[in-house]
Protein chains: 2
Amino acid sequence: MGLRLKNLRKQKAVSQEQLANLCDFEISQISRIERGIINTSISSIFTIAEKLEISPKELFDFEEIQE
Amino acid sequence: MGLRLKNLRKQKAVSQEQLANLCDFEISQISRIERGIINTSISSIFTIAEKLEISPKELFDFEEIQE
DNA sequence: TTTGAAATGGGCAAATTTGCCTATATTTTT
DNA sequence: AAAAATATAGGCAAATTTGCCCATTTCAAA
């Protein structure tokens, strides 16, 4: 999931800091989510998806195997 | 999300208790998730989706408006 | 290589979730 | 209506996440 987010974020050319500001999260939080350090909540995912202007579903669009 | 889960679970004719056992969660936890009392984690969602034999994406397949 | 931006890492308190348990309410079946 | 099954509710401690710091590392551009 984290990897998926990282890829989508980069596709949108948004930095972790920018995304953090948009979501009103901490940068470290975005970093933790992308690296899979934490198991973030659904609402965080929804916020991120919204601010990244993607569908939440897209964040789960990856093969089970990875990460 | 909770509503979506509840619907999918019922479609599969699985009770909260059965789902809880499958996932190795507490029944009350399933109940809380379905009612939106808590903001559960992604990994919980993945576990539930797996045990319910659905794609995680399906759980997010609903209109923004509802619930 | 140096500079600046972007990302990672860690510590700590506050907030939230989770498990465990028991009780009550609601729904379904007989 | 009564009984049985399902779902909701709440309390409490343990576990996890989150925000708020600041320091360090990695990466990209000059």
# chains A, B, ... in the order shown; residues from 1 in each chain; ligands from 1

$ closest_atom_pairs --of "chain D" --to "chain B" --cutoff "8 Å" --atoms "only C-alpha atoms (C1' of nucleotides)" --output "Markdown table"
| residue | atom | partner | partner_atom | distance |
| --- | --- | --- | --- | --- |
| D:DT6 | C1' | B:Ser15 | CA | 7.3 |
| D:DA7 | C1' | B:Ser31 | CA | 7.3 |
| D:DT8 | C1' | B:Ser31 | CA | 7.3 |

$ residues_around --residues "region 58-62 of chain B" --least-positions-apart "3" --cutoff "9 Å" --atoms "only C-alpha atoms (C1' of nucleotides)" --output "PyMOL selection string"
(chain A and resi 55-57) or (chain B and resi 1-2+4-5+8+45+49+54-55+65-66)

$ write_last_selection --atoms "C-alpha atoms" --output "compact mmCIF listing (two decimals), in the first residue's frame"
# COMPACT_ATOMS: atom_id res chain seq x y z
CA SER A 55 -10.24 7.33 -5.95
CA PRO A 56 -9.55 5.48 -2.69
CA LYS A 57 -9.90 2.31 -4.69
CA MET B 1 -17.60 1.96 4.63
CA GLY B 2 -19.20 0.22 7.53
CA ARG B 4 -20.69 -1.35 2.65
CA LEU B 5 -19.04 -4.02 4.76
CA LEU B 8 -21.18 -7.45 1.57
CA ILE B 45 -9.70 -4.14 6.17
CA ALA B 49 -11.65 -8.66 2.70
CA ILE B 54 -13.66 -10.21 -1.75
CA SER B 55 -11.25 -7.66 -3.12
CA ILE B 65 -22.70 10.52 -0.27
CA GLN B 66 -23.92 7.59 1.79

$ calpha_fit_and_write --fixed "chain A" --moving "chain B" --output "PDB file with N, CA and C atoms, in the first residue's frame"
ATOM      1  N   MET B   1       0.768  -1.234   0.047  1.00  0.00           N
ATOM      2  CA  MET B   1      -0.050  -0.018   0.062  1.00  0.00           C
ATOM      3  C   MET B   1       0.806   1.241   0.076  1.00  0.00           C
ATOM      4  N   GLY B   2       1.796   1.221   0.954  1.00  0.00           N
ATOM      5  CA  GLY B   2       2.663   2.384   1.034  1.00  0.00           C
ATOM      6  C   GLY B   2       3.337   2.660  -0.288  1.00  0.00           C
ATOM      7  N   LEU B   3       3.819   1.595  -0.891  1.00  0.00           N
ATOM      8  CA  LEU B   3       4.497   1.733  -2.180  1.00  0.00           C
ATOM      9  C   LEU B   3       3.537   2.291  -3.218  1.00  0.00           C
ATOM     10  N   ARG B   4       2.337   1.764  -3.187  1.00  0.00           N
ATOM     11  CA  ARG B   4       1.315   2.219  -4.133  1.00  0.00           C
ATOM     12  C   ARG B   4       1.065   3.720  -3.956  1.00  0.00           C
ATOM     13  N   LEU B   5       0.973   4.132  -2.712  1.00  0.00           N
ATOM     14  CA  LEU B   5       0.758   5.552  -2.434  1.00  0.00           C
ATOM     15  C   LEU B   5       1.920   6.384  -2.960  1.00  0.00           C
ATOM     16  N   LYS B   6       3.110   5.904  -2.650  1.00  0.00           N
ATOM     17  CA  LYS B   6       4.306   6.629  -3.081  1.00  0.00           C
ATOM     18  C   LYS B   6       4.323   6.815  -4.595  1.00  0.00           C
ATOM     19  N   ASN B   7       4.003   5.753  -5.286  1.00  0.00           N
ATOM     20  CA  ASN B   7       3.980   5.841  -6.750  1.00  0.00           C
ATOM     21  C   ASN B   7       2.935   6.824  -7.251  1.00  0.00           C
ATOM     22  N   LEU B   8       1.750   6.723  -6.708  1.00  0.00           N
ATOM     23  CA  LEU B   8       0.673   7.617  -7.146  1.00  0.00           C
ATOM     24  C   LEU B   8       1.013   9.071  -6.824  1.00  0.00           C
ATOM     25  N   ARG B   9       1.588   9.267  -5.640  1.00  0.00           N
ATOM     26  CA  ARG B   9       1.964  10.627  -5.241  1.00  0.00           C
ATOM     27  C   ARG B   9       2.984  11.210  -6.216  1.00  0.00           C
ATOM     28  N   LYS B  10       3.966  10.399  -6.578  1.00  0.00           N
ATOM     29  CA  LYS B  10       4.995  10.879  -7.498  1.00  0.00           C
ATOM     30  C   LYS B  10       4.440  11.121  -8.888  1.00  0.00           C
ATOM     31  N   GLN B  11       3.498  10.272  -9.264  1.00  0.00           N
ATOM     32  CA  GLN B  11       2.852  10.478 -10.568  1.00  0.00           C
ATOM     33  C   GLN B  11       2.210  11.846 -10.618  1.00  0.00           C
ATOM     34  N   LYS B  12       1.702  12.254  -9.472  1.00  0.00           N
ATOM     35  CA  LYS B  12       1.028  13.551  -9.396  1.00  0.00           C
ATOM     36  C   LYS B  12       2.038  14.675  -9.132  1.00  0.00           C
ATOM     37  N   ALA B  13       3.296  14.293  -9.026  1.00  0.00           N
ATOM     38  CA  ALA B  13       4.351  15.270  -8.789  1.00  0.00           C
ATOM     39  C   ALA B  13       4.097  16.088  -7.530  1.00  0.00           C
ATOM     40  N   VAL B  14       3.770  15.373  -6.484  1.00  0.00           N
ATOM     41  CA  VAL B  14       3.520  16.028  -5.195  1.00  0.00           C
ATOM     42  C   VAL B  14       4.545  15.493  -4.203  1.00  0.00           C
ATOM     43  N   SER B  15       5.146  16.376  -3.440  1.00  0.00           N
ATOM     44  CA  SER B  15       6.116  15.924  -2.436  1.00  0.00           C
ATOM     45  C   SER B  15       5.386  15.501  -1.163  1.00  0.00           C
ATOM     46  N   GLN B  16       6.083  14.769  -0.322  1.00  0.00           N
ATOM     47  CA  GLN B  16       5.471  14.351   0.942  1.00  0.00           C
ATOM     48  C   GLN B  16       5.023  15.576   1.714  1.00  0.00           C
ATOM     49  N   GLU B  17       5.859  16.594   1.669  1.00  0.00           N
ATOM     50  CA  GLU B  17       5.531  17.811   2.414  1.00  0.00           C
ATOM     51  C   GLU B  17       4.262  18.459   1.874  1.00  0.00           C
ATOM     52  N   GLN B  18       4.173  18.547   0.559  1.00  0.00           N
ATOM     53  CA  GLN B  18       2.978  19.136  -0.035  1.00  0.00           C
ATOM     54  C   GLN B  18       1.731  18.333   0.330  1.00  0.00           C
ATOM     55  N   LEU B  19       1.875  17.020   0.226  1.00  0.00           N
ATOM     56  CA  LEU B  19       0.731  16.171   0.558  1.00  0.00           C
ATOM     57  C   LEU B  19       0.355  16.332   2.032  1.00  0.00           C
ATOM     58  N   ALA B  20       1.374  16.391   2.868  1.00  0.00           N
ATOM     59  CA  ALA B  20       1.118  16.569   4.298  1.00  0.00           C
ATOM     60  C   ALA B  20       0.351  17.866   4.540  1.00  0.00           C
ATOM     61  N   ASN B  21       0.762  18.930   3.875  1.00  0.00           N
ATOM     62  CA  ASN B  21       0.070  20.206   4.048  1.00  0.00           C
ATOM     63  C   ASN B  21      -1.363  20.131   3.563  1.00  0.00           C
ATOM     64  N   LEU B  22      -1.536  19.510   2.418  1.00  0.00           N
ATOM     65  CA  LEU B  22      -2.884  19.379   1.870  1.00  0.00           C
ATOM     66  C   LEU B  22      -3.804  18.630   2.834  1.00  0.00           C
ATOM     67  N   CYS B  23      -3.259  17.572   3.402  1.00  0.00           N
ATOM     68  CA  CYS B  23      -4.062  16.707   4.275  1.00  0.00           C
ATOM     69  C   CYS B  23      -4.114  17.209   5.711  1.00  0.00           C
ATOM     70  N   ASP B  24      -3.249  18.163   5.994  1.00  0.00           N
ATOM     71  CA  ASP B  24      -3.134  18.651   7.365  1.00  0.00           C
ATOM     72  C   ASP B  24      -2.598  17.546   8.266  1.00  0.00           C
ATOM     73  N   PHE B  25      -1.637  16.815   7.734  1.00  0.00           N
ATOM     74  CA  PHE B  25      -0.944  15.779   8.495  1.00  0.00           C
ATOM     75  C   PHE B  25       0.487  16.232   8.694  1.00  0.00           C
ATOM     76  N   GLU B  26       1.220  15.446   9.441  1.00  0.00           N
ATOM     77  CA  GLU B  26       2.643  15.675   9.602  1.00  0.00           C
ATOM     78  C   GLU B  26       3.385  14.989   8.457  1.00  0.00           C
ATOM     79  N   ILE B  27       4.500  15.577   8.068  1.00  0.00           N
ATOM     80  CA  ILE B  27       5.295  14.932   7.023  1.00  0.00           C
ATOM     81  C   ILE B  27       5.723  13.546   7.472  1.00  0.00           C
ATOM     82  N   SER B  28       6.148  13.471   8.714  1.00  0.00           N
ATOM     83  CA  SER B  28       6.624  12.179   9.212  1.00  0.00           C
ATOM     84  C   SER B  28       5.536  11.122   9.123  1.00  0.00           C
ATOM     85  N   GLN B  29       4.303  11.569   9.244  1.00  0.00           N
ATOM     86  CA  GLN B  29       3.192  10.626   9.159  1.00  0.00           C
ATOM     87  C   GLN B  29       3.065  10.064   7.742  1.00  0.00           C
ATOM     88  N   ILE B  30       3.168  10.949   6.775  1.00  0.00           N
ATOM     89  CA  ILE B  30       3.123  10.495   5.380  1.00  0.00           C
ATOM     90  C   ILE B  30       4.263   9.510   5.132  1.00  0.00           C
ATOM     91  N   SER B  31       5.416   9.876   5.631  1.00  0.00           N
ATOM     92  CA  SER B  31       6.582   9.017   5.461  1.00  0.00           C
ATOM     93  C   SER B  31       6.342   7.643   6.087  1.00  0.00           C
ATOM     94  N   ARG B  32       5.796   7.640   7.288  1.00  0.00           N
ATOM     95  CA  ARG B  32       5.535   6.372   7.971  1.00  0.00           C
ATOM     96  C   ARG B  32       4.534   5.523   7.199  1.00  0.00           C
ATOM     97  N   ILE B  33       3.543   6.168   6.659  1.00  0.00           N
ATOM     98  CA  ILE B  33       2.529   5.435   5.905  1.00  0.00           C
ATOM     99  C   ILE B  33       3.144   4.804   4.660  1.00  0.00           C
ATOM    100  N   GLU B  34       3.915   5.603   3.941  1.00  0.00           N
ATOM    101  CA  GLU B  34       4.510   5.091   2.697  1.00  0.00           C
ATOM    102  C   GLU B  34       5.492   3.955   2.957  1.00  0.00           C
ATOM    103  N   ARG B  35       6.167   4.034   4.085  1.00  0.00           N
ATOM    104  CA  ARG B  35       7.137   2.989   4.383  1.00  0.00           C
ATOM    105  C   ARG B  35       6.520   1.795   5.094  1.00  0.00           C
ATOM    106  N   GLY B  36       5.231   1.924   5.413  1.00  0.00           N
ATOM    107  CA  GLY B  36       4.554   0.801   6.043  1.00  0.00           C
ATOM    108  C   GLY B  36       4.904   0.612   7.502  1.00  0.00           C
ATOM    109  N   ILE B  37       5.432   1.664   8.111  1.00  0.00           N
ATOM    110  CA  ILE B  37       5.783   1.587   9.518  1.00  0.00           C
ATOM    111  C   ILE B  37       4.514   1.456  10.355  1.00  0.00           C
ATOM    112  N   ILE B  38       3.508   2.178   9.939  1.00  0.00           N
ATOM    113  CA  ILE B  38       2.250   2.124  10.655  1.00  0.00           C
ATOM    114  C   ILE B  38       1.126   1.648   9.758  1.00  0.00           C
ATOM    115  N   ASN B  39       0.089   1.276  10.431  1.00  0.00           N
ATOM    116  CA  ASN B  39      -1.116   0.764   9.815  1.00  0.00           C
ATOM    117  C   ASN B  39      -2.164   1.845   9.892  1.00  0.00           C
ATOM    118  N   THR B  40      -2.099   2.766   8.995  1.00  0.00           N
ATOM    119  CA  THR B  40      -2.951   3.934   9.182  1.00  0.00           C
ATOM    120  C   THR B  40      -4.431   3.621   9.020  1.00  0.00           C
ATOM    121  N   SER B  41      -5.227   4.578   9.388  1.00  0.00           N
ATOM    122  CA  SER B  41      -6.673   4.373   9.395  1.00  0.00           C
ATOM    123  C   SER B  41      -7.301   4.643   8.040  1.00  0.00           C
ATOM    124  N   ILE B  42      -8.503   4.142   7.903  1.00  0.00           N
ATOM    125  CA  ILE B  42      -9.248   4.335   6.663  1.00  0.00           C
ATOM    126  C   ILE B  42      -9.470   5.812   6.386  1.00  0.00           C
ATOM    127  N   SER B  43      -9.785   6.549   7.431  1.00  0.00           N
ATOM    128  CA  SER B  43     -10.084   7.965   7.197  1.00  0.00           C
ATOM    129  C   SER B  43      -8.854   8.698   6.678  1.00  0.00           C
ATOM    130  N   SER B  44      -7.693   8.306   7.157  1.00  0.00           N
ATOM    131  CA  SER B  44      -6.470   8.921   6.634  1.00  0.00           C
ATOM    132  C   SER B  44      -6.322   8.621   5.160  1.00  0.00           C
ATOM    133  N   ILE B  45      -6.604   7.377   4.820  1.00  0.00           N
ATOM    134  CA  ILE B  45      -6.522   6.969   3.416  1.00  0.00           C
ATOM    135  C   ILE B  45      -7.491   7.767   2.561  1.00  0.00           C
ATOM    136  N   PHE B  46      -8.680   7.980   3.109  1.00  0.00           N
ATOM    137  CA  PHE B  46      -9.672   8.739   2.366  1.00  0.00           C
ATOM    138  C   PHE B  46      -9.228  10.179   2.170  1.00  0.00           C
ATOM    139  N   THR B  47      -8.669  10.746   3.226  1.00  0.00           N
ATOM    140  CA  THR B  47      -8.188  12.124   3.128  1.00  0.00           C
ATOM    141  C   THR B  47      -7.094  12.231   2.072  1.00  0.00           C
ATOM    142  N   ILE B  48      -6.149  11.320   2.152  1.00  0.00           N
ATOM    143  CA  ILE B  48      -5.044  11.336   1.200  1.00  0.00           C
ATOM    144  C   ILE B  48      -5.556  11.179  -0.230  1.00  0.00           C
ATOM    145  N   ALA B  49      -6.452  10.227  -0.420  1.00  0.00           N
ATOM    146  CA  ALA B  49      -6.997  10.000  -1.761  1.00  0.00           C
ATOM    147  C   ALA B  49      -7.690  11.254  -2.271  1.00  0.00           C
ATOM    148  N   GLU B  50      -8.448  11.860  -1.389  1.00  0.00           N
ATOM    149  CA  GLU B  50      -9.184  13.063  -1.790  1.00  0.00           C
ATOM    150  C   GLU B  50      -8.226  14.169  -2.208  1.00  0.00           C
ATOM    151  N   LYS B  51      -7.225  14.421  -1.385  1.00  0.00           N
ATOM    152  CA  LYS B  51      -6.290  15.502  -1.670  1.00  0.00           C
ATOM    153  C   LYS B  51      -5.408  15.206  -2.875  1.00  0.00           C
ATOM    154  N   LEU B  52      -5.196  13.924  -3.111  1.00  0.00           N
ATOM    155  CA  LEU B  52      -4.377  13.528  -4.256  1.00  0.00           C
ATOM    156  C   LEU B  52      -5.253  13.424  -5.507  1.00  0.00           C
ATOM    157  N   GLU B  53      -6.529  13.673  -5.279  1.00  0.00           N
ATOM    158  CA  GLU B  53      -7.503  13.624  -6.387  1.00  0.00           C
ATOM    159  C   GLU B  53      -7.509  12.285  -7.094  1.00  0.00           C
ATOM    160  N   ILE B  54      -7.557  11.257  -6.290  1.00  0.00           N
ATOM    161  CA  ILE B  54      -7.689   9.909  -6.841  1.00  0.00           C
ATOM    162  C   ILE B  54      -8.792   9.190  -6.073  1.00  0.00           C
ATOM    163  N   SER B  55      -9.224   8.074  -6.619  1.00  0.00           N
ATOM    164  CA  SER B  55     -10.235   7.297  -5.921  1.00  0.00           C
ATOM    165  C   SER B  55      -9.546   6.430  -4.877  1.00  0.00           C
ATOM    166  N   PRO B  56     -10.159   6.320  -3.692  1.00  0.00           N
ATOM    167  CA  PRO B  56      -9.558   5.475  -2.658  1.00  0.00           C
ATOM    168  C   PRO B  56      -9.246   4.082  -3.199  1.00  0.00           C
ATOM    169  N   LYS B  57     -10.119   3.623  -4.075  1.00  0.00           N
ATOM    170  CA  LYS B  57      -9.911   2.286  -4.652  1.00  0.00           C
ATOM    171  C   LYS B  57      -8.550   2.147  -5.306  1.00  0.00           C
ATOM    172  N   GLU B  58      -8.112   3.227  -5.941  1.00  0.00           N
ATOM    173  CA  GLU B  58      -6.834   3.164  -6.649  1.00  0.00           C
ATOM    174  C   GLU B  58      -5.675   2.790  -5.732  1.00  0.00           C
ATOM    175  N   LEU B  59      -5.795   3.205  -4.501  1.00  0.00           N
ATOM    176  CA  LEU B  59      -4.725   2.918  -3.552  1.00  0.00           C
ATOM    177  C   LEU B  59      -4.611   1.425  -3.245  1.00  0.00           C
ATOM    178  N   PHE B  60      -5.687   0.721  -3.560  1.00  0.00           N
ATOM    179  CA  PHE B  60      -5.667  -0.713  -3.288  1.00  0.00           C
ATOM    180  C   PHE B  60      -5.512  -1.520  -4.557  1.00  0.00           C
ATOM    181  N   ASP B  61      -5.175  -0.802  -5.606  1.00  0.00           N
ATOM    182  CA  ASP B  61      -5.045  -1.430  -6.905  1.00  0.00           C
ATOM    183  C   ASP B  61      -3.637  -1.937  -7.129  1.00  0.00           C
ATOM    184  N   PHE B  62      -3.311  -2.997  -6.467  1.00  0.00           N
ATOM    185  CA  PHE B  62      -1.977  -3.564  -6.671  1.00  0.00           C
ATOM    186  C   PHE B  62      -2.040  -5.064  -6.422  1.00  0.00           C
ATOM    187  N   GLU B  63      -1.040  -5.734  -6.868  1.00  0.00           N
ATOM    188  CA  GLU B  63      -0.978  -7.174  -6.661  1.00  0.00           C
ATOM    189  C   GLU B  63      -0.659  -7.483  -5.215  1.00  0.00           C
ATOM    190  N   GLU B  64      -1.221  -8.552  -4.756  1.00  0.00           N
ATOM    191  CA  GLU B  64      -1.036  -8.960  -3.357  1.00  0.00           C
ATOM    192  C   GLU B  64       0.439  -9.193  -3.030  1.00  0.00           C
ATOM    193  N   ILE B  65       1.146  -9.688  -4.034  1.00  0.00           N
ATOM    194  CA  ILE B  65       2.522 -10.106  -3.798  1.00  0.00           C
ATOM    195  C   ILE B  65       3.440  -9.000  -3.277  1.00  0.00           C
ATOM    196  N   GLN B  66       3.403  -7.881  -3.970  1.00  0.00           N
ATOM    197  CA  GLN B  66       4.373  -6.811  -3.684  1.00  0.00           C
ATOM    198  C   GLN B  66       4.440  -6.348  -2.231  1.00  0.00           C
ATOM    199  N   GLU B  67       5.438  -5.572  -1.956  1.00  0.00           N
ATOM    200  CA  GLU B  67       5.763  -5.032  -0.634  1.00  0.00           C
ATOM    201  C   GLU B  67       5.542  -6.037   0.467  1.00  0.00           C
TER     202      GLU B  67
END

$ closest_atom_pairs --of "chain C" --to "chain B" --cutoff "12 Å" --atoms "only C-alpha atoms (C1' of nucleotides)" --output "JSON lines"
{"residue": "C:DT16", "atom": "C1'", "partner": "B:Ile38", "partner_atom": "CA", "distance": 8.4}
{"residue": "C:DT17", "atom": "C1'", "partner": "B:Thr40", "partner_atom": "CA", "distance": 7.2}
{"residue": "C:DT18", "atom": "C1'", "partner": "B:Gln29", "partner_atom": "CA", "distance": 7.7}
{"residue": "C:DG19", "atom": "C1'", "partner": "B:Glu26", "partner_atom": "CA", "distance": 6.9}
{"residue": "C:DC20", "atom": "C1'", "partner": "B:Glu26", "partner_atom": "CA", "distance": 8.4}
{"residue": "C:DC21", "atom": "C1'", "partner": "B:Ser28", "partner_atom": "CA", "distance": 10.7}
{"residue": "C:DT22", "atom": "C1'", "partner": "B:Ser28", "partner_atom": "CA", "distance": 11.9}

$ select_by_dssp --residues "chain A" --states "alpha helix (DSSP H)" --output "ChimeraX atom specification"
/A:2-11,16-23,27-35,42-51,56-59

$ atom_distance --atom1 "C1' of DT8 (chain C)" --atom2 "C1' of DA15 (chain D)"
24.1 Å

$ atom_distance --atom1 "C1' of DT29 (chain C)" --atom2 "C1' of DG10 (chain D)"
28.8 Å

$ atom_distance --atom1 "C1' of DC22 (chain D)" --atom2 "C1' of DT2 (chain C)"
23.6 Å
